[in-house]
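Asks: Submitted below is the structure of interest, expressed as structure tokens.
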Amino acid sequence: MTEFLIEVQGLRKSFGDLEVLRGVDLAIPRGELTGLLGTNGAGKSTLIRCLLGMLRPTGGTASLLGCKSWDLADSQKSRLGYVAQDVQLFPRFRVRDMVEYTAAFYARWDANLVREQLERWGLPESKQCGVLSAGERQKLGIVLALGHGPELLILDEPAASLDPQARRLFLESLLQLAVDGERTILFSTHITSDIERAASHLAILQGGVVRLHSEVDGLKDRVKRLRIPGGVGRVQAEDLPGVLKWCEQGGVVQATIDGYSQESAQRLREQRGVEVLVEDLNLEDIFLAFH
Amino acid sequence: MVRIYCVLKSLLYLFWWVPLLAIPLFGVQYMLMSAIRAPLTVSEGTEIDDRSEELVGGYWSVVDREYLHSRNDVNEVRELRKKLSSAGTLVFAFSAGLLEQYAKELLTESESGAGADIRSLLGDVRKMRFVNCGFTVGDWEIFSQLSDLEVVEFHGVKRTSEETSEEYVQSSAAALSRLPRLQTLLLTGESFAGVGRMPELRTLGLELWQVESFLAGDVAARFPRLETILIRIPTEGEVSAGVYARLRGVSQLREVHLWSGDAGSTGLLTRHLDNFRRQLPGLSVQRRDWGLSFEDKCLWVLLQLSLAAAAYFMLCGVLETASQGMNVVIPGVCRAHQQVLVMMYLLVAGAGVLLAWCLGVRAWLPVLAPILGMSLPTTLLDAIPGRLLRQPMLLSGSLMLGFSVTLLIPAALYFDNLYLCAAMNGDDTVLNLVLLCLTAGTVLQSLPALRRMPKHLAEWGQTSLLVVVSGGTSGPGLPAVNSSLLQSDLADRLRSGTAMPVLKSLLFFPVMAGSQFLFFYGTSDLAIKSLKSSLYWLGFLPVMLIAQKHSIWQMHRSRLWSDFVLPCSRTEFWLALRAAVFRDLRWFYLAAILLPVAVVPFIHSGVEIRSARSVLQFVLVWVVGSVGVCAMHHGVLCRIVAGSWAGWVSGVPGVATIPLTICAQGLVIVRGEAFGPAAVLSLFLFLTGCLLQWKLRGWLESAEYPSKRIG
């Protein structure tokens with residue numbers, strides 16, 4: 001039986017009249033590295049904060065590690081790692097003090113791993129947190145979240161402040177963490193290339209609901225753009241499965257579909273007598289197609 | 001880098017042997033203080049400090065004395081007499097014809113069948129002292145009846161205008177001659193020309209000009225036991241050959257003490273000392289010194305040594321802290337983190353007891369010393385937020401305190417401060433009250449703080465919080481965590497971010513205090529035209545610090561929610577946050593409530609209360625209102641930090657404080673106006689505060705975090 005570390009059912013969250021989440025359904029099993037993709041203001045941070053028990057859902061349920069998010073106990077939280085979008089540190093603390101401060105909360109703390117990570121990220125232990133750049137703060141936040149070896153790691157736009165080199169390093173770290181298949185990771189982002197590089201699964205949050213939750217590789221196989229020259233008037237949207245985007249230009253039909261198969265393309269050729277050119281899409285195209 | 005490390009390490013080794021230097025250094029300090037001890041400065045014989053011409057030894061004997069003024073009637077004298085011990089001194093100050101007045105009052109009582117004579121009133125007093133008093137012939141008559149007197153001092157005593165000089169001199173001489181038990185007599189004043197036989201007189205104090213007339217004739221027959229003469233020499237006084245001759249004529253004389261009564265005439269006095277020693281080779285001629293006795297000096301040495309040792313251990317603690325950062329193990333018998341602290345506290349407490357006994361302090365105060373000695377550091381350790389600040393602040397603070405105390409006590413002795421003497425002896429009611437409150441408060445505070453001590457100590461060794469609070473060992477499994485301890489420790493953690501601003505605020509404290517003083521001095525002066533009311537500014541310092549802490553917590557709240565995901569349950573987190581805010585502010589709250597109350601007696605003294613109500617009622621109104629405001633403030637601040645209320649709500653307790661502040665300024669307390677509305681307001685604030693506190697836990701536990709205001 002599949003063990004889901006994150007389970008969200010019909011989750012709704014409103015701030016006054018503004019309904020940010022409108023019934024989110026999401027289930028992430030153990031060992032999955034999921035990228036949560038959404039535009040700015042899509043509700044990614046709100047969803048994560050509901051998951052962490054910071055915000056009380058207006059409706060529906062959110063569970064983490066088998067426990068209701070609102071009632072997370074210390075035992076669940078000690079298995080949880082979190083990196084906020086804006087990592088908050090004590091400005092007067094040095095990096096090593098911040099590490100010690102965090103370490104003191106956990107019975108199991110891998111000091112060697114933390115030291116290695118600090119070195120790897122180029123974070124001097126003697127540097128004051130107050131003078132760290134946004135990227136360095138983010139790096140330190142990530143290191144701190146890893147120190148106790150969390151089973152579930154939730155990161156809210158962790159790479160937003162990182163430079164390309166650091167981002168690549170970060171993504172490599174994520175892959176290393178996920179390699180044993182025991183650690184579950186959810187990270188939100190609006191940078192599709194990050195997900196493409198690191199995530200095994202993708203969830204797209206749009207309009208307050210999860211429009212898509214799928215394996216990244218399978219998604220790329222499933223979502224394709226079909227170019228049909230001379231297709232205008234001869235091919236209708238109903239002829240294609242899961243049309244996400246439909247465009248007619250200069251007699252050419254361009255359709256982005258979710259649910260592509262060679263058989264369906266062949267069937268279209270045969271039934272409508274048109275030429276069908278199949279184009280692969282990157283995640284950015286796919287993400288845009290869903291909007 | 002390696003070189004720096006080696007240098008530091010060498011320094012640490014060197015400092016480990018600091019006791020070899022520290023104790024002699026403190027010894028030198030003691031000797032220096034003894035050496036520079038000058039004769040006591042003469043003041044103008046004020047009512048408060050009139051020991052300038054003290055003849056009787058015993059530095060702290062002044063405490064056991066009661067003062068009589070012309071406004072005291074015989075009933076009050078009886079009351080004062082009850083307070084005085086059998087060895088105590090009765091002081092007549094700035095009065096004229098007082099004994100005669102008492103005799104008349106006693107006579108009136110006697111006629112009504114209830115009275116008695118002067119002996120029944122003052123007959124058993126053994127020590128009397130007259131300061132700037134006027135005497136009549138009648139006074140001398142009555143004085144002569146006090147035949148039990150053993151010590152009498154006359155400072156600036158003069159005759160009243162009714163009598164002739166001759167009558168006065170004769171009556172004074174006759175009166176003094178009728179005191180058979182008199183052992184010590186000091187005479188300074190305008191008309192003491194001679195006295196008759198005094199069989200028990202051992203010590204005689206005179207002005208220079210009196211010496212020849214007093215010691216004329218057969219001195220051995222008049223004063224068979226006279227061994228010591230104290231002579232006051234005027235600043236520009238010259239000693240005639242006759243004086244030396246008279247002194248040489250007193251065969252039983254052993255010691256001559258000289259004093260000038262003028263601190264600026266040390267050089268002159270030295271010259272006189274040389275002359276006296278030359279002229280009176282068989283006598284011990286000394287400068288009059290009110291120094292400590294041999295026993296006192298022994299105690300002082302012990303005290304200095306114990307303080308030196310305490311300072312040494314504190315120093316070791318500081319160095320050990322640094323050494324741990326460098327992974328240096330200092331050789332020696334003590335490990336700073338455990339034994340040194342305990343030893344340090346024991347030594348400080350022991351030194352406190354020694355000090356108290358050394359100063360002749362009564363029984364109950366020395367008992368406080370060890371209690372405070374043990375509980376205060378524990379409380380302090382717990383009160384300072386954050387490991388990074390706690391450790392250096394506590395240790396360096398203790399170090400500074402140790403040094404300050406060591407310097408302060410000799411300085412206090414050197415300046416011969418009577419107030420300190422009285423205060424240390426428990427004679428100051430306000431101070432007693434403050435000390436008792438402080439002790440009770442710290443003991444109550446230290447009980448829960450003691451439970452957290454292992455955590456604080458282990459913190460310095462970087463042990464996991466969970467392991468420490470559960471008493472377990474760091475292993476693969478999670479230990480079972482004691483929930484209340486975790487909350488408490490979490491509260492401590494949550495305060496970590498406020499540590500540095502606290503330090504900053506402490507550094508700016510003198511500046512803030514000064515400006516606040518000036519402000520409130522002005523407003524209070526305007527309010528009731530009383531300078532004493534400006535003492536109330538003390539009450540505003542904690543209020544100001546509360547406001548500053550408030551802003552620190554508001555700034556800190558965006559940081560706090562990052563800790564929300566740390567391993568603790570929702571309930572634990574909120575309870576810890578509530579405790580953290582309270583723990584950070586509790587001393588300021590306590591000070592805000594108690595300081596104004598403590599200064600009420602100062603304001604009250606000399607100001608007529610126009611209301612029929614007692615001070616106690618006003619104090620009660622103030623305390624109830626202040627407790628309400630503090631409870632309100634704490635509740636409001638918790639909700640602001642939790643993000644559920646906007647920052648501007650914090651102004652509510654502030655606005656509510658304003659009317660209470662006006663009360664504190666004295667309008668109500670002194671004038672008694674608007675007592676009713678003030679009482680209602682206080683009650684309202686109290687109830688609001690209680691209500692807020694009652695609802696707080698529920699509000700916090702249902703709070704979203706961070707709220708949209710932050711997020």
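Chain labels run A, B, ... following the order of the structure tokens; each chain numbers its residues from 1, and ligands are numbered from 1 in the order shown.
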Counting only C-alpha atoms, which residues from chain A have an atom at most 10 Å from any atom of chain B, and could you show them as number ranges by chain?

Replies: A: 15, 45-46, 49-50, 52-57, 70-84, 86-93, 97, 100-109, 145

Asks: Keeping C-alpha atoms, export the residues of the selection given above as a CSV table (one decimal), in the first residue's frame.

Replies:
chain,number,residue,atom,x,y,z
A,15,PHE,CA,-8.5,35.6,3.2
A,45,SER,CA,3.0,29.6,-0.4
A,46,THR,CA,-0.5,29.5,1.0
A,49,ARG,CA,1.6,27.1,5.0
A,50,CYS,CA,-1.6,25.2,5.2
A,52,LEU,CA,2.7,23.1,7.7
A,53,GLY,CA,-0.2,24.0,10.0
A,54,MET,CA,0.6,27.7,9.9
A,55,LEU,CA,-2.7,28.6,8.3
A,56,ARG,CA,-6.0,27.0,9.1
A,57,PRO,CA,-7.9,25.8,6.0
A,70,TRP,CA,-3.2,21.9,12.1
A,71,ASP,CA,-2.4,19.4,14.8
A,72,LEU,CA,1.1,18.5,14.0
A,73,ALA,CA,2.9,17.1,17.0
A,74,ASP,CA,6.6,17.6,17.9
A,75,SER,CA,7.4,14.1,16.7
A,76,GLN,CA,6.0,14.9,13.2
A,77,LYS,CA,7.8,18.2,13.1
A,78,SER,CA,11.1,16.6,14.0
A,79,ARG,CA,10.8,14.6,10.8
A,80,LEU,CA,10.0,17.7,8.8
A,81,GLY,CA,12.4,20.2,7.1
A,82,TYR,CA,11.2,23.5,5.8
A,83,VAL,CA,12.8,26.3,3.9
A,84,ALA,CA,10.8,29.5,3.7
A,86,ASP,CA,12.4,34.5,2.8
A,87,VAL,CA,14.7,32.8,5.2
A,88,GLN,CA,14.6,34.6,8.5
A,89,LEU,CA,17.8,34.5,10.6
A,90,PHE,CA,19.0,36.2,13.7
A,91,PRO,CA,21.0,39.1,12.3
A,92,ARG,CA,23.5,39.2,15.1
A,93,PHE,CA,24.2,35.5,15.1
A,97,ASP,CA,25.6,30.2,16.1
A,100,GLU,CA,24.0,25.6,16.9
A,101,TYR,CA,20.7,27.3,17.7
A,102,THR,CA,18.9,25.0,15.2
A,103,ALA,CA,20.8,21.9,16.1
A,104,ALA,CA,19.8,22.2,19.8
A,105,PHE,CA,16.2,21.5,18.8
A,106,TYR,CA,16.9,18.1,17.4
A,107,ALA,CA,18.1,15.0,19.0
A,108,ARG,CA,19.6,13.8,15.8
A,109,TRP,CA,21.8,16.3,14.1
A,145,ALA,CA,16.7,22.3,7.0

Asks: I'd like the neighbourhood of Asp285 in chain A as a VMD selection string, where a residue qualifies if any of its atoms comes within 12 Å (using only C-alpha atoms), though same-chain residues fewer than 2 positions away should be ignored.

Replies: chain A and resid 191 to 193 196 219 to 220 223 to 225 244 to 245 256 to 257 279 to 283 287 to 291

Asks: With N, CA and C atoms kept, could you save the residues just selected as a tab-separated table (two decimals), in the first residue's frame?

Replies:
chain	number	residue	atom	x	y	z
A	191	ILE	N	10.08	28.56	-11.70
A	191	ILE	CA	11.13	28.37	-12.70
A	191	ILE	C	11.04	26.92	-13.19
A	192	THR	N	10.57	26.78	-14.39
A	192	THR	CA	10.29	25.42	-14.89
A	192	THR	C	11.55	24.60	-15.11
A	193	SER	N	12.64	25.31	-15.45
A	193	SER	CA	13.87	24.55	-15.73
A	193	SER	C	14.36	23.83	-14.48
A	196	GLU	N	12.47	20.70	-14.30
A	196	GLU	CA	12.91	19.83	-15.39
A	196	GLU	C	14.21	19.13	-15.02
A	219	LEU	N	4.90	13.22	-18.40
A	219	LEU	CA	4.16	14.41	-18.83
A	219	LEU	C	4.67	14.87	-20.19
A	220	LYS	N	6.00	14.84	-20.32
A	220	LYS	CA	6.59	15.27	-21.59
A	220	LYS	C	6.17	14.32	-22.73
A	223	VAL	N	2.19	15.26	-23.19
A	223	VAL	CA	1.79	16.59	-23.70
A	223	VAL	C	2.66	16.93	-24.92
A	224	LYS	N	2.01	17.12	-26.03
A	224	LYS	CA	2.73	17.41	-27.29
A	224	LYS	C	2.02	18.52	-28.04
A	225	ARG	N	2.79	19.15	-28.91
A	225	ARG	CA	2.14	20.13	-29.79
A	225	ARG	C	2.02	19.50	-31.18
A	244	LEU	N	-5.30	21.39	-24.84
A	244	LEU	CA	-5.00	22.45	-23.88
A	244	LEU	C	-4.99	23.81	-24.56
A	245	LYS	N	-4.55	23.81	-25.81
A	245	LYS	CA	-4.42	25.09	-26.53
A	245	LYS	C	-4.73	24.83	-28.00
A	256	THR	N	-2.04	22.02	-28.72
A	256	THR	CA	-1.27	21.40	-27.63
A	256	THR	C	-2.23	20.48	-26.89
A	257	ILE	N	-1.84	19.23	-26.85
A	257	ILE	CA	-2.78	18.26	-26.25
A	257	ILE	C	-2.14	17.51	-25.09
A	279	GLU	N	5.49	17.83	-32.21
A	279	GLU	CA	6.63	18.56	-31.61
A	279	GLU	C	6.70	18.27	-30.10
A	280	ASP	N	7.93	18.00	-29.61
A	280	ASP	CA	8.13	17.86	-28.15
A	280	ASP	C	8.08	19.24	-27.50
A	281	LEU	N	7.62	19.27	-26.28
A	281	LEU	CA	7.54	20.53	-25.55
A	281	LEU	C	8.42	20.47	-24.31
A	282	ASN	N	9.01	21.62	-24.00
A	282	ASN	CA	9.69	21.65	-22.70
A	282	ASN	C	8.65	22.01	-21.63
A	283	LEU	N	9.10	21.96	-20.36
A	283	LEU	CA	8.13	22.16	-19.27
A	283	LEU	C	7.52	23.55	-19.28
A	287	PHE	N	3.75	24.22	-19.14
A	287	PHE	CA	3.17	25.06	-18.08
A	287	PHE	C	2.30	26.15	-18.69
A	288	LEU	N	2.84	26.78	-19.76
A	288	LEU	CA	2.06	27.85	-20.40
A	288	LEU	C	0.81	27.30	-21.05
A	289	ALA	N	0.93	26.08	-21.54
A	289	ALA	CA	-0.25	25.48	-22.17
A	289	ALA	C	-1.38	25.26	-21.17
A	290	PHE	N	-0.98	25.07	-19.95
A	290	PHE	CA	-2.02	24.86	-18.94
A	290	PHE	C	-2.63	26.19	-18.47
A	291	HIS	N	-2.13	27.28	-18.96
A	291	HIS	CA	-2.68	28.56	-18.54
A	291	HIS	C	-3.48	29.21	-19.66

Asks: Name the residues of range 54-242 of chain A that fall into strand (DSSP E) according to DSSP on the backbone, using the chain letters and numbers of this document, as a ChimeraX atom specification.

Replies: /A:59-64,67-68,80-83,152-156,184-189,201-206,209-215,223-229

Asks: Would you output that residue set with N, CA and C atoms, as a short mmCIF file (atom, residue, chain, number, x, y, z; two decimals), in the first residue's frame?

Replies:
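Done, and the output landed in again.cif:
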data_model
loop_
_atom_site.label_atom_id
_atom_site.label_comp_id
_atom_site.auth_asym_id
_atom_site.auth_seq_id
_atom_site.Cartn_x
_atom_site.Cartn_y
_atom_site.Cartn_z
N GLY A 59 -11.64 25.15 4.30
CA GLY A 59 -12.38 23.92 4.07
C GLY A 59 -11.44 22.83 3.61
N GLY A 60 -11.91 21.59 3.62
CA GLY A 60 -11.08 20.47 3.19
C GLY A 60 -10.07 20.08 4.24
N THR A 61 -9.20 19.17 3.88
CA THR A 61 -8.20 18.70 4.85
C THR A 61 -6.80 18.71 4.26
N ALA A 62 -5.85 18.89 5.15
CA ALA A 62 -4.43 18.79 4.77
C ALA A 62 -3.74 17.94 5.81
N SER A 63 -3.02 16.94 5.36
CA SER A 63 -2.31 16.06 6.31
C SER A 63 -0.85 15.95 5.92
N LEU A 64 -0.03 15.82 6.94
CA LEU A 64 1.41 15.69 6.72
C LEU A 64 1.90 14.55 7.60
N CYS A 67 -0.62 12.98 9.82
CA CYS A 67 -1.28 13.74 10.89
C CYS A 67 -1.88 15.02 10.30
N LYS A 68 -3.00 15.43 10.85
CA LYS A 68 -3.61 16.66 10.36
C LYS A 68 -2.64 17.82 10.54
N LEU A 80 10.41 16.75 9.86
CA LEU A 80 10.05 17.69 8.80
C LEU A 80 11.12 18.76 8.64
N GLY A 81 11.44 19.08 7.40
CA GLY A 81 12.35 20.20 7.14
C GLY A 81 11.65 21.23 6.28
N TYR A 82 11.90 22.49 6.59
CA TYR A 82 11.18 23.53 5.84
C TYR A 82 12.13 24.68 5.53
N VAL A 83 12.09 25.14 4.30
CA VAL A 83 12.84 26.34 3.93
C VAL A 83 11.84 27.36 3.41
N LEU A 152 10.70 14.41 5.32
CA LEU A 152 9.92 15.23 4.40
C LEU A 152 10.51 16.63 4.39
N LEU A 153 10.86 17.07 3.18
CA LEU A 153 11.46 18.38 3.04
C LEU A 153 10.54 19.26 2.18
N ILE A 154 10.15 20.39 2.74
CA ILE A 154 9.27 21.29 2.00
C ILE A 154 10.00 22.61 1.81
N LEU A 155 10.10 23.01 0.55
CA LEU A 155 10.86 24.22 0.26
C LEU A 155 9.98 25.18 -0.54
N ASP A 156 9.89 26.40 -0.04
CA ASP A 156 9.04 27.39 -0.69
C ASP A 156 9.91 28.31 -1.54
N THR A 184 11.14 12.41 0.97
CA THR A 184 10.12 13.02 0.12
C THR A 184 10.35 14.52 0.10
N ILE A 185 10.32 15.09 -1.08
CA ILE A 185 10.61 16.53 -1.20
C ILE A 185 9.53 17.21 -2.02
N LEU A 186 9.07 18.32 -1.48
CA LEU A 186 8.14 19.16 -2.23
C LEU A 186 8.74 20.55 -2.28
N PHE A 187 8.95 21.05 -3.48
CA PHE A 187 9.44 22.42 -3.55
C PHE A 187 8.63 23.21 -4.57
N SER A 188 8.33 24.42 -4.17
CA SER A 188 7.54 25.27 -5.06
C SER A 188 8.47 26.16 -5.85
N THR A 189 8.06 26.49 -7.03
CA THR A 189 8.89 27.35 -7.87
C THR A 189 8.04 27.88 -9.02
N HIS A 201 8.44 14.55 -10.18
CA HIS A 201 7.02 14.80 -10.41
C HIS A 201 6.75 16.29 -10.43
N LEU A 202 5.66 16.63 -11.04
CA LEU A 202 5.28 18.03 -11.17
C LEU A 202 3.81 18.19 -10.78
N ALA A 203 3.56 19.25 -10.02
CA ALA A 203 2.16 19.59 -9.73
C ALA A 203 1.98 21.04 -10.14
N ILE A 204 0.97 21.29 -10.92
CA ILE A 204 0.73 22.66 -11.37
C ILE A 204 -0.49 23.19 -10.63
N LEU A 205 -0.24 24.32 -9.97
CA LEU A 205 -1.32 24.96 -9.22
C LEU A 205 -1.81 26.14 -10.04
N GLN A 206 -3.07 26.11 -10.32
CA GLN A 206 -3.60 27.19 -11.15
C GLN A 206 -5.03 27.48 -10.74
N VAL A 209 -6.52 25.55 -7.77
CA VAL A 209 -6.64 24.09 -7.77
C VAL A 209 -5.40 23.48 -8.42
N VAL A 210 -5.13 22.24 -8.11
CA VAL A 210 -4.02 21.55 -8.77
C VAL A 210 -4.52 21.04 -10.11
N ARG A 211 -4.03 21.67 -11.15
CA ARG A 211 -4.49 21.29 -12.49
C ARG A 211 -3.82 20.00 -12.94
N LEU A 212 -2.66 19.76 -12.42
CA LEU A 212 -1.92 18.61 -12.91
C LEU A 212 -0.98 18.10 -11.85
N HIS A 213 -0.93 16.82 -11.68
CA HIS A 213 0.07 16.21 -10.82
C HIS A 213 0.53 14.96 -11.52
N SER A 214 1.76 14.99 -11.99
CA SER A 214 2.19 13.89 -12.87
C SER A 214 3.69 13.73 -12.81
N GLU A 215 4.14 12.61 -13.30
CA GLU A 215 5.56 12.37 -13.43
C GLU A 215 6.08 13.27 -14.54
N VAL A 223 2.19 15.26 -23.19
CA VAL A 223 1.79 16.59 -23.70
C VAL A 223 2.66 16.93 -24.92
N LYS A 224 2.01 17.12 -26.03
CA LYS A 224 2.73 17.41 -27.29
C LYS A 224 2.02 18.52 -28.04
N ARG A 225 2.79 19.15 -28.91
CA ARG A 225 2.14 20.13 -29.79
C ARG A 225 2.02 19.50 -31.18
N LEU A 226 0.83 19.53 -31.73
CA LEU A 226 0.58 18.98 -33.06
C LEU A 226 0.45 20.14 -34.05
N ARG A 227 1.23 20.08 -35.13
CA ARG A 227 1.10 21.09 -36.20
C ARG A 227 0.43 20.40 -37.39
N ILE A 228 -0.69 20.94 -37.80
CA ILE A 228 -1.47 20.30 -38.86
C ILE A 228 -1.64 21.30 -40.02
N PRO A 229 -0.73 21.25 -40.97
CA PRO A 229 -0.87 22.16 -42.13
C PRO A 229 -2.15 21.85 -42.90
#

Asks: Quick one: residues within 7 Å of Gln183 in chain B, only C-alpha atoms counted, chain neighbours fewer than 4 positions away excluded, as a ChimeraX atom specification?

Replies: /B:150-151,200-203
